[in-house]
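Colleague: File data.txt follows (compact mmCIF, C-alpha atoms):
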```
# COMPACT_ATOMS: atom_id res chain seq x y z
CA MET U 325 98.81 129.59 123.78
CA LEU U 326 99.26 126.93 121.10
CA THR U 327 97.28 123.74 121.52
CA SER U 328 98.22 120.34 120.16
CA TRP U 329 95.74 120.92 117.33
CA HIS U 330 97.49 124.14 116.33
CA ILE U 331 100.90 122.48 116.40
CA CYS U 332 99.91 119.74 113.95
CA GLN U 333 97.68 121.93 111.81
CA PRO U 334 100.24 122.36 108.95
CA PHE U 335 100.29 118.58 108.56
CA CYS U 336 96.68 117.63 109.33
CA TYR U 337 93.38 119.31 110.04
CA ASN U 338 92.26 117.20 112.95
CA TRP U 339 93.39 114.42 115.22
CA ARG U 340 91.78 111.78 113.01
CA ASN U 341 93.95 112.78 110.06
CA PHE U 342 96.98 113.08 112.30
CA ASN U 343 96.51 109.56 113.64
CA LEU U 344 96.12 108.31 110.07
CA TYR U 345 99.39 110.04 109.18
CA ARG U 346 101.12 108.58 112.23
CA SER U 347 99.90 105.04 111.54
CA THR U 348 100.90 105.04 107.88
CA VAL U 349 103.70 107.40 106.88
CA MET U 350 105.69 107.37 110.10
CA PRO U 351 105.82 103.55 110.62
CA VAL U 352 106.64 103.00 106.95
CA SER U 353 109.73 105.15 107.42
CA SER U 354 110.77 103.62 110.73
CA GLN U 355 110.32 100.01 109.65
CA HIS U 356 113.11 100.47 107.10
CA LYS U 357 115.58 101.47 109.80
CA VAL U 358 116.99 99.09 112.39
CA TYR U 359 118.31 100.41 115.69
CA LEU U 360 121.51 98.68 116.73
CA PRO U 361 123.40 99.26 119.98
CA ALA U 362 126.02 102.01 119.89
CA SER U 363 128.48 99.34 121.01
CA ALA U 364 128.12 97.53 117.65
CA ARG U 365 131.51 96.86 116.07
CA ASP U 366 132.33 97.64 112.44
CA ASN U 367 134.72 95.79 110.15
CA GLN U 368 135.67 96.16 106.49
CA TYR U 369 138.40 94.45 104.54
CA LEU U 370 139.23 93.79 100.91
CA LEU U 371 140.78 90.54 99.78
CA ALA U 372 142.47 90.49 96.35
CA GLU U 373 143.66 87.17 94.92
CA PHE U 374 145.47 86.08 91.79
CA VAL U 375 146.98 82.82 90.60
CA LEU U 376 150.76 82.54 90.89
CA SER U 377 151.78 81.92 87.28
CA ASP U 378 154.89 80.24 85.87
CA GLU U 379 155.80 83.54 84.22
CA LEU U 380 155.89 85.40 87.51
CA VAL U 381 157.84 82.63 89.26
CA ALA U 382 160.43 82.61 86.45
CA ARG U 383 161.21 86.28 87.03
CA TYR U 384 162.62 85.54 90.48
CA PRO U 385 164.96 82.55 90.19
CA ALA U 386 165.77 80.57 93.30
CA SER U 387 168.50 82.10 95.40
CA SER U 388 168.82 78.92 97.42
CA THR U 389 167.73 75.31 97.08
CA ASP U 390 166.51 75.49 100.70
CA THR U 391 164.30 78.53 100.07
CA PRO U 392 163.55 78.53 96.33
CA TYR U 393 160.66 81.04 96.54
CA LEU U 394 162.11 83.49 99.04
CA ALA U 395 163.14 86.07 96.42
CA LEU U 396 159.70 85.90 94.79
CA TYR U 397 157.75 86.45 98.00
CA GLN U 398 160.10 89.18 99.19
CA ALA U 399 159.82 91.04 95.89
CA LEU U 400 156.03 90.85 95.85
CA SER U 401 155.88 91.99 99.47
CA GLN U 402 158.16 94.94 98.78
CA LYS U 403 156.07 96.07 95.81
CA LEU U 404 152.86 95.73 97.80
CA PHE U 405 154.09 97.63 100.85
CA GLU U 406 155.63 100.43 98.77
CA LEU U 407 152.31 100.93 97.02
CA ALA U 408 150.44 100.74 100.33
CA ASP U 409 152.55 103.59 101.67
CA GLN U 410 152.01 105.54 98.46
CA PHE U 411 148.21 105.20 98.61
CA GLY U 412 147.86 105.69 102.36
CA LEU U 413 146.82 102.15 103.26
CA ARG U 414 148.11 101.35 106.72
CA ASN U 415 147.10 97.75 107.46
CA VAL U 416 148.11 95.48 104.57
CA HIS U 417 149.21 91.84 104.40
CA LEU U 418 150.47 89.37 101.81
CA ILE U 419 149.38 85.75 102.25
CA ALA U 420 151.02 83.01 100.19
CA ASN U 421 150.46 79.92 102.31
CA GLY U 422 146.95 78.93 101.20
CA LYS U 423 145.29 79.90 104.48
CA THR U 424 141.99 81.76 104.67
CA PRO U 425 142.03 85.14 106.41
CA VAL U 426 139.38 85.75 109.08
CA VAL U 427 139.03 89.32 110.37
CA ARG U 428 137.50 90.32 113.70
CA PHE U 429 137.38 93.45 115.86
CA HIS U 430 139.48 93.46 119.03
CA GLN U 431 140.96 96.06 121.32
CA GLU U 432 144.34 94.33 121.08
CA ALA U 433 146.04 93.58 117.76
CA TYR U 434 147.31 90.09 117.18
CA VAL U 435 147.42 87.39 114.50
CA LEU U 436 146.81 83.70 115.05
CA GLN U 437 147.50 80.95 112.56
CA THR U 438 145.94 77.51 112.41
CA ALA U 439 146.18 74.82 109.78
CA GLU U 440 143.55 76.49 107.55
CA GLN U 441 143.12 80.03 108.87
CA ILE U 442 144.91 83.27 109.65
CA LEU U 443 142.88 85.20 112.21
CA PHE U 444 143.42 88.95 112.31
CA PHE U 445 142.21 90.75 115.42
CA TYR U 446 142.48 94.52 115.37
CA ASN U 447 140.86 97.84 116.22
CA PRO U 448 140.50 99.97 113.05
CA SER U 449 140.91 103.16 115.09
CA TYR U 450 144.43 102.38 116.25
CA HIS U 451 146.17 99.42 114.68
CA GLU U 452 148.49 99.49 111.67
CA ALA U 453 150.56 96.63 110.26
CA GLN U 454 152.42 95.20 107.27
CA HIS U 455 153.19 91.49 107.28
CA SER U 456 153.90 88.65 104.86
CA PHE U 457 152.90 85.05 105.50
CA TYR U 458 154.56 82.37 103.40
CA ASP U 459 156.78 79.31 103.41
CA ALA U 460 159.78 80.08 101.21
CA LYS U 461 160.15 76.36 100.45
CA VAL U 462 156.64 76.01 98.99
CA ARG U 463 155.18 77.46 95.83
CA ALA U 464 151.74 78.88 96.61
CA ARG U 465 148.83 78.26 94.26
CA LYS U 466 147.67 81.85 94.65
CA ILE U 467 148.72 85.15 96.18
CA SER U 468 146.25 86.81 98.54
CA LEU U 469 146.48 90.50 99.41
CA LEU U 470 144.54 91.58 102.49
CA PHE U 471 143.64 95.23 103.11
CA LEU U 472 142.10 96.13 106.48
CA ALA U 473 140.13 99.39 106.74
CA THR U 474 141.43 101.93 109.26
CA GLU U 475 139.57 105.19 108.55
CA GLN U 476 136.72 105.78 110.99
CA PRO U 477 133.77 105.82 110.60
CA LEU U 478 134.22 102.73 108.45
CA ARG U 479 130.83 102.68 106.72
CA SER U 480 131.04 106.32 105.69
CA ASN U 481 134.57 105.84 104.36
CA ALA U 482 133.98 102.40 102.79
CA ALA U 483 133.72 103.68 99.21
CA ALA U 484 136.90 105.76 99.47
CA PHE U 485 138.75 102.79 100.99
CA HIS U 486 137.54 100.52 98.19
CA GLN U 487 138.76 103.00 95.58
CA GLN U 488 142.16 103.29 97.28
CA VAL U 489 142.60 99.53 97.17
CA THR U 490 141.48 99.09 93.55
CA THR U 491 143.72 101.95 92.43
CA LEU U 492 146.63 100.22 94.17
CA LEU U 493 145.76 96.94 92.46
CA THR U 494 145.74 98.63 89.06
CA GLU U 495 149.19 100.04 89.70
CA LEU U 496 150.44 96.68 90.97
CA ARG U 497 149.21 95.00 87.80
CA ASN U 498 151.04 97.62 85.74
CA ARG U 499 154.27 97.03 87.63
CA LEU U 500 154.00 93.25 87.31
CA ALA U 501 153.27 93.62 83.57
CA LEU U 502 151.47 90.29 83.32
CA ALA U 503 149.14 90.31 80.33
CA GLU U 504 146.88 87.51 81.58
CA LEU U 505 146.75 88.58 85.22
CA LYS U 506 143.20 88.46 86.61
CA ILE U 507 142.62 89.71 90.14
CA LYS U 508 139.53 88.65 92.07
CA VAL U 509 138.40 91.34 94.48
CA ARG U 510 136.17 90.68 97.48
CA ASP U 511 134.86 93.51 99.64
CA HIS U 512 133.70 92.22 103.04
CA GLN U 513 131.81 94.37 105.52
CA HIS U 514 130.07 93.36 108.73
CA LEU U 515 128.46 94.82 111.83
CA THR U 516 128.66 92.78 115.03
CA TYR U 517 126.62 93.24 118.20
CA ASP U 518 124.97 91.43 121.10
CA LEU U 519 121.22 91.16 120.59
CA PHE U 520 120.84 91.59 124.35
CA ALA U 521 123.12 94.63 124.69
CA LYS U 522 120.29 96.81 126.04
CA ALA U 523 119.48 94.33 128.80
CA LYS U 524 123.12 94.45 129.85
CA GLY U 525 123.10 98.23 130.22
CA SER U 526 124.01 99.50 126.74
CA LYS U 527 120.99 101.80 126.32
CA GLU U 528 122.27 104.00 123.49
CA SER U 529 121.43 102.91 119.96
CA TYR U 530 121.96 104.14 116.42
CA GLY U 531 119.60 103.84 113.46
CA TYR U 532 120.83 102.11 110.28
CA LYS U 533 119.10 101.81 106.91
CA LEU U 534 121.71 99.23 105.92
CA ARG U 535 121.81 100.14 102.25
CA SER U 536 123.52 97.79 99.84
CA ILE U 537 127.22 98.32 99.16
CA ASP U 538 126.43 99.25 95.57
CA ALA U 539 123.93 101.94 96.61
CA ARG U 540 126.25 103.41 99.23
CA TYR U 541 129.14 103.57 96.78
CA LYS U 542 127.03 105.17 94.05
CA ALA U 543 125.99 107.88 96.49
CA ARG U 544 129.69 108.72 96.85
CA GLN U 545 130.38 108.66 93.10
CA ALA U 546 132.16 105.31 93.29
CA GLU U 547 130.84 103.09 90.50
CA LEU U 548 131.38 99.35 90.85
CA PRO U 549 131.90 97.01 87.89
CA ALA U 550 129.53 94.10 87.33
CA HIS U 551 129.65 92.10 90.54
CA SER U 552 127.89 89.50 92.66
CA ALA U 553 126.59 90.43 96.10
CA LEU U 554 125.63 88.53 99.24
CA THR U 555 123.89 89.71 102.39
CA TYR U 556 123.30 87.47 105.37
CA VAL U 557 123.35 87.21 109.16
CA ILE U 558 125.37 84.77 111.24
CA VAL U 559 124.33 84.26 114.85
CA ASN U 560 126.70 82.65 117.36
CA LEU U 561 124.84 80.70 120.03
CA PRO U 562 127.02 79.40 122.90
CA LEU U 563 125.69 76.14 124.31
CA SER U 564 125.29 77.10 127.95
CA ARG U 565 124.51 74.70 130.75
CA ARG U 566 120.92 75.97 130.77
CA LEU U 567 120.50 75.12 127.09
CA LYS U 568 122.00 71.66 127.50
CA GLU U 569 119.65 70.85 130.37
CA GLN U 570 116.54 71.49 128.26
CA VAL U 571 116.90 68.12 126.54
CA LYS U 572 117.56 64.80 128.22
CA LEU U 573 120.57 63.24 126.51
CA ASP U 574 121.38 59.57 126.15
CA LEU U 575 125.17 59.62 126.31
CA HIS U 576 125.29 55.93 125.38
CA SER U 577 123.76 56.45 121.93
CA SER U 578 125.82 56.91 118.76
CA SER U 579 124.60 60.54 118.42
CA PRO U 580 123.94 61.65 121.99
CA TYR U 581 123.82 65.38 121.24
CA LEU U 582 121.56 65.28 118.18
CA PRO U 583 118.33 65.77 120.20
CA LEU U 584 119.79 68.96 121.70
CA TYR U 585 120.83 70.32 118.31
CA GLN U 586 117.50 69.38 116.75
CA HIS U 587 115.62 71.03 119.61
CA ILE U 588 117.46 74.31 118.99
CA ALA U 589 117.18 74.01 115.21
CA ASP U 590 113.43 73.40 115.33
CA HIS U 591 112.81 76.49 117.46
CA PHE U 592 115.08 78.61 115.26
CA VAL U 593 113.43 77.52 112.00
CA SER U 594 109.95 77.98 113.48
CA ALA U 595 110.76 81.50 114.71
CA CYS U 596 112.18 82.47 111.32
CA GLN U 597 109.25 81.06 109.38
CA GLN U 598 106.87 83.24 111.39
CA GLU U 599 108.79 86.24 109.97
CA LYS U 600 108.74 84.65 106.49
CA LEU U 601 112.51 84.15 106.60
CA GLN U 602 112.92 80.97 104.53
CA HIS U 603 116.63 80.82 103.61
CA LEU U 604 118.42 79.39 106.61
CA ALA U 605 121.34 77.31 107.83
CA VAL U 606 121.83 75.59 111.18
CA LEU U 607 125.30 74.31 112.01
CA ALA U 608 126.55 72.29 114.96
CA ASN U 609 129.83 70.85 113.73
CA GLY U 610 132.59 72.97 115.28
CA LEU U 611 133.54 74.51 111.92
CA LEU U 612 133.72 78.16 110.92
CA PRO U 613 131.14 78.88 108.19
CA LEU U 614 132.16 80.86 105.11
CA VAL U 615 129.21 81.90 102.96
CA ARG U 616 129.67 82.11 99.20
CA ASN U 617 127.48 82.42 96.13
CA SER U 618 126.71 78.88 94.96
CA GLN U 619 126.64 80.07 91.34
CA PHE U 620 130.40 80.62 91.56
CA ASP U 621 131.68 78.59 94.54
CA LYS U 622 130.80 75.04 95.46
CA SER U 623 130.07 73.98 99.02
CA SER U 624 133.01 72.27 100.70
CA GLN U 625 134.23 71.26 104.11
CA GLY U 626 137.67 71.10 105.68
CA THR U 627 138.91 70.34 109.16
CA GLU U 628 138.25 73.92 110.37
CA LEU U 629 136.20 75.69 107.70
CA GLN U 630 132.89 74.99 105.98
CA MET U 631 132.06 76.70 102.69
CA ILE U 632 128.31 77.15 102.38
CA GLY U 633 126.91 77.88 98.95
CA PHE U 634 123.83 80.08 98.78
CA ASP U 635 121.97 81.09 95.64
CA PRO U 636 120.42 84.56 96.16
CA SER U 637 118.21 84.09 93.09
CA ALA U 638 116.57 80.91 94.43
CA LYS U 639 112.84 81.50 94.86
CA GLN U 640 112.17 78.52 97.09
CA GLY U 641 113.27 78.37 100.70
CA GLN U 642 116.65 76.87 101.50
CA LEU U 643 117.63 75.04 104.68
CA VAL U 644 121.20 73.87 105.19
CA SER U 645 121.52 71.67 108.25
CA ASP U 646 124.74 70.09 109.52
CA LEU U 647 124.18 68.69 113.01
CA GLN U 648 126.97 66.35 114.09
CA GLY U 649 125.29 64.64 116.99
CA ASP U 650 128.28 62.50 117.92
CA LYS U 651 130.25 65.44 119.36
CA LEU U 652 129.46 68.30 121.69
CA VAL U 653 130.31 71.71 120.24
CA GLU U 654 130.82 74.88 122.25
CA MET U 655 128.76 77.00 119.88
CA MET U 656 126.13 76.63 117.20
CA GLN U 657 125.89 78.91 114.19
CA LEU U 658 122.51 80.06 112.91
CA ILE U 659 122.48 81.72 109.49
CA ILE U 660 119.77 83.77 107.79
CA PHE U 661 120.29 84.63 104.11
CA ALA U 662 118.83 87.72 102.49
CA THR U 663 117.29 87.44 99.04
CA PRO U 664 116.70 90.24 96.50
CA ASP U 665 113.14 90.49 97.88
CA ASP U 666 114.59 91.42 101.28
CA GLN U 667 116.26 94.51 99.83
CA THR U 668 114.14 97.64 99.57
CA ASP U 669 115.02 100.97 97.99
CA MET U 670 116.04 102.11 101.46
CA GLY U 671 118.20 99.09 102.30
CA TYR U 672 118.09 96.01 104.52
CA GLY U 673 116.68 97.73 107.62
CA ARG U 674 113.32 95.99 107.32
CA PHE U 675 115.07 92.64 106.82
CA MET U 676 117.10 93.13 110.00
CA ASN U 677 114.01 94.10 111.98
CA GLU U 678 112.46 90.81 110.86
CA VAL U 679 115.66 88.98 111.79
CA GLU U 680 115.69 90.56 115.25
CA SER U 681 112.01 89.73 115.80
CA ALA U 682 112.71 86.11 114.86
CA LEU U 683 115.76 85.92 117.11
CA ARG U 684 113.91 87.37 120.11
CA ARG U 685 111.10 84.88 119.61
CA PHE U 686 113.68 82.09 119.33
CA ALA U 687 115.54 83.31 122.45
CA LYS U 688 112.31 83.23 124.45
CA ALA U 689 111.46 79.75 123.19
CA VAL U 690 114.79 78.30 124.35
CA ASN U 691 114.75 80.31 127.59
CA LEU U 692 117.77 82.51 127.01
CA GLN U 693 118.30 85.16 129.70
CA PRO U 694 119.19 88.55 128.16
CA GLU U 695 120.99 89.78 131.27
CA ARG U 696 123.30 86.76 131.33
CA ASP U 697 123.42 85.19 127.87
CA ASP U 698 125.15 86.45 124.76
CA LEU U 699 123.57 86.12 121.34
CA THR U 700 126.14 87.59 118.97
CA VAL U 701 124.68 88.82 115.69
CA ARG U 702 126.90 89.61 112.69
CA PHE U 703 125.33 91.35 109.70
CA HIS U 704 127.44 90.61 106.59
CA GLN U 705 127.57 92.35 103.23
CA HIS U 706 129.91 91.03 100.52
CA ILE U 707 130.59 91.86 96.91
CA SER U 708 133.04 90.22 94.53
CA TYR U 709 134.23 90.72 90.96
CA HIS U 710 137.28 90.35 88.71
CA GLN U 711 139.38 93.42 88.10
```
What is this structure when it is put down as structure tokens?
Modeller:
Amino acid sequence: MLTSWHICQPFCYNWRNFNLYRSTVMPVSSQHKVYLPASARDNQYLLAEFVLSDELVARYPASSTDTPYLALYQALSQKLFELADQFGLRNVHLIANGKTPVVRFHQEAYVLQTAEQILFFYNPSYHEAQHSFYDAKVRARKISLLFLATEQPLRSNAAAFHQQVTTLLTELRNRLALAELKIKVRDHQHLTYDLFAKAKGSKESYGYKLRSIDARYKARQAELPAHSALTYVIVNLPLSRRLKEQVKLDLHSSSPYLPLYQHIADHFVSACQQEKLQHLAVLANGLLPLVRNSQFDKSSQGTELQMIGFDPSAKQGQLVSDLQGDKLVEMMQLIIFATPDDQTDMGYGRFMNEVESALRRFAKAVNLQPERDDLTVRFHQHISYHQ
């Protein structure tokens, strides 16, 4: 009969050594892997953009004074969709109205347009589409080509999808024959889940190392050109009645909701600092945050969107705070940026464990109830470069 000592003998000679092994080697491996609920949703899309030049416009003269750019947009759409069919890309869109695409997972496929956004909801496992969005009376400043991933599992197929898209873009450039054409490519990937999924009955989980996009692509023999990269987490916090009641509000003041926002922000920042997470943003303004590298894109704000510039190379902590206390928002956004120090050889698993620890401490501090409240976490990875 084999005893426990005999079972572990190849690895250690006694229980003391075994415990030393368990307390060092095993935790080191596990701390670099984060366990997310099996219900976590995956998204990947590539956005390619180029400036609409006079040379390209001149090739497609106006067929009508009422719709002077109809022939141009139709021709570009036809070229794009023909190439998409050729390269096996099944969810592709041309955008020439200046609106920013926002992509989210949904069991039903539909597209919504606002003044500044085009929201694409789709399930990568089922939905295919080809659409063009433009106003034939208006010359766009730039042409945006949106490619939505459809091959499951998305993370495993991300490199192949990226290569399909960039090969298509090379062929499109050849067909357009524009010597000065520069195409900016952005590869967006994110995982979305409820931090409290387990408390709501979703017991199954899956371990992720969360390697960088560059590392994952290299492992599949897909070399990327010189590029910039961003990794960050956005947390959506609905302002429930229970949260609102934690702070007594003076509705007669000029900023009646600022104490509530500051109360939440203080607890969030404190929880993050205990995990040594120093690069943060707290937003309560009703806008959708778009995170960009501040070395290339300046911070800006519209009526629906807020561009937040983050410098990954900054050594000091960064806190972006936009709390508009004169209006009550339905949801606050809490953002945690990853720096190069947060990336290990194994990936961002350790970073996400620290993020989750901070968020659970924050949730307890503001009395969130896991069985009833949602705390939606979205782990983002972006790269961008010019092709």
Colleague: Just the residues within 10 Å of region 392-409 of chain U, please, counting only C-alpha atoms, with nothing from its chain fewer than 2 positions along; format it as number ranges by chain.
Modeller: U: 380-390, 411-420, 454-464, 467, 469, 471, 488-489, 491-493, 495-496, 499-500
Colleague: Applying 12 Å and all atoms listed in the file, which residues near region 565-576 of chain U remain after dropping the ones on its own chain fewer than 3 positions away? List them as a PDB file with C-alpha atoms, in the coordinates of the input.
Modeller:
```
ATOM      1  CA  LEU U 561     124.840  80.700 120.030  1.00  0.00           C
ATOM      2  CA  PRO U 562     127.020  79.400 122.900  1.00  0.00           C
ATOM      3  CA  SER U 579     124.600  60.540 118.420  1.00  0.00           C
ATOM      4  CA  PRO U 580     123.940  61.650 121.990  1.00  0.00           C
ATOM      5  CA  TYR U 581     123.820  65.380 121.240  1.00  0.00           C
ATOM      6  CA  LEU U 582     121.560  65.280 118.180  1.00  0.00           C
ATOM      7  CA  PRO U 583     118.330  65.770 120.200  1.00  0.00           C
ATOM      8  CA  LEU U 584     119.790  68.960 121.700  1.00  0.00           C
ATOM      9  CA  TYR U 585     120.830  70.320 118.310  1.00  0.00           C
ATOM     10  CA  GLN U 586     117.500  69.380 116.750  1.00  0.00           C
ATOM     11  CA  HIS U 587     115.620  71.030 119.610  1.00  0.00           C
ATOM     12  CA  ILE U 588     117.460  74.310 118.990  1.00  0.00           C
ATOM     13  CA  GLY U 649     125.290  64.640 116.990  1.00  0.00           C
ATOM     14  CA  ASP U 650     128.280  62.500 117.920  1.00  0.00           C
ATOM     15  CA  LYS U 651     130.250  65.440 119.360  1.00  0.00           C
ATOM     16  CA  LEU U 652     129.460  68.300 121.690  1.00  0.00           C
ATOM     17  CA  VAL U 653     130.310  71.710 120.240  1.00  0.00           C
ATOM     18  CA  GLU U 654     130.820  74.880 122.250  1.00  0.00           C
ATOM     19  CA  MET U 655     128.760  77.000 119.880  1.00  0.00           C
ATOM     20  CA  MET U 656     126.130  76.630 117.200  1.00  0.00           C
ATOM     21  CA  ALA U 687     115.540  83.310 122.450  1.00  0.00           C
ATOM     22  CA  LYS U 688     112.310  83.230 124.450  1.00  0.00           C
ATOM     23  CA  ALA U 689     111.460  79.750 123.190  1.00  0.00           C
ATOM     24  CA  VAL U 690     114.790  78.300 124.350  1.00  0.00           C
ATOM     25  CA  ASN U 691     114.750  80.310 127.590  1.00  0.00           C
ATOM     26  CA  LEU U 692     117.770  82.510 127.010  1.00  0.00           C
ATOM     27  CA  GLN U 693     118.300  85.160 129.700  1.00  0.00           C
ATOM     28  CA  ARG U 696     123.300  86.760 131.330  1.00  0.00           C
ATOM     29  CA  ASP U 697     123.420  85.190 127.870  1.00  0.00           C
TER      30      ASP U 697
END
```
Colleague: Do a neighbour search on Ala503 (chain U) at 12 Å with all atoms listed in the file, toss out local chain neighbours closer than 6 positions, and write the hits as a PyMOL selection string.
Modeller: chain U and resi 377+379-380+497
Colleague: Of the candidates U:Gln597, U:Asn367, U:Ser480, U:Ser468, which shows the shortest atom-to-atom distance to His430 (chain U), using all atoms listed in the file?
Modeller: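 Of all the options, U:Asn367 lies closest to His430 (chain U).
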Colleague: CA of Ala539 (chain U) and CA of Tyr556 (chain U), how far apart in Å?
Modeller: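 Interatomic distance, CA of Tyr556 (chain U) to CA of Ala539 (chain U): 16.9 Å.
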Colleague: What does the structure give for the distance between CA of Phe429 (chain U) and CA of Arg510 (chain U), in Å to one decimal?
Modeller: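 Separation of CA of Phe429 (chain U) and CA of Arg510 (chain U): 18.6 Å.
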Colleague: Considering all atoms listed in the file, can you say which of U:Ala521, U:Ala662, U:Ala482, U:Ala682 comes closest to Arg540 (chain U)?
Modeller: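 Counting all atoms listed in the file, the residue closest to Arg540 (chain U) is U:Ala482.
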Colleague: Give me, as a ChimeraX atom specification, all polymer residues having an atom no more than 12 Å from region 536-538 of chain U, counting only C-alpha atoms and skipping those fewer than 5 positions away in the same chain.
Modeller: /U:368,479-483,486,510-514,543-556,662,664,666-673,703-708
Colleague: Using all atoms listed in the file, pick whichever of U:Arg428, U:His591, U:Lys466, U:Lys508 has the shortest atom-to-atom distance to Leu371 (chain U).
Modeller: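 Looking at the shortest contact to Leu371 (chain U), the residue is U:Lys508.
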Colleague: Kindly extract all protein, DNA and RNA residues lying within 7 Å of the coordinates (145.7, 97.0, 110.6) given in the file, considering only C-alpha atoms, and supply them as a count of residues only.
Modeller: 10
Colleague: Could you give me the axis-aligned bounding box of region 352-362 of chain U, with 6 Å of padding per side, as centre plus edge lengths in Å to one decimal, as AutoDock Vina command-line options?
Modeller:
```
--center_x 116.3 --center_y 101.9 --center_z 113.5 --size_x 31.4 --size_y 18.5 --size_z 25.0
```
Colleague: Which is closer to Pro636 (chain U) than all the others in U:Gln657, U:Ser618, U:Thr663, U:Gln476, using all atoms listed in the file?
Modeller: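 Distance minimum relative to Pro636 (chain U) lands on U:Thr663.
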Colleague: Report, in Å with one decimal, the straight-line distance from CA of Asp698 (chain U) to CA of Ala523 (chain U).
Modeller: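 Atom-to-atom, CA of Asp698 (chain U) and CA of Ala523 (chain U) are spaced 10.5 Å apart.
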Colleague: For His603 (chain U), please output as an MDAnalysis selection string all residues within 12 Å (counting only C-alpha atoms; exclusion window: fewer than 5 positions along the same chain).
Modeller: chainID U and resid 555:557 592:593 596:597 633:645 658:666 679
Colleague: Looking at all atoms listed in the file, which of U:Ser564, U:Gln711, U:Ser529, U:Ser578 is the one that sits closest to Lys357 (chain U)?
Modeller: U:Ser529
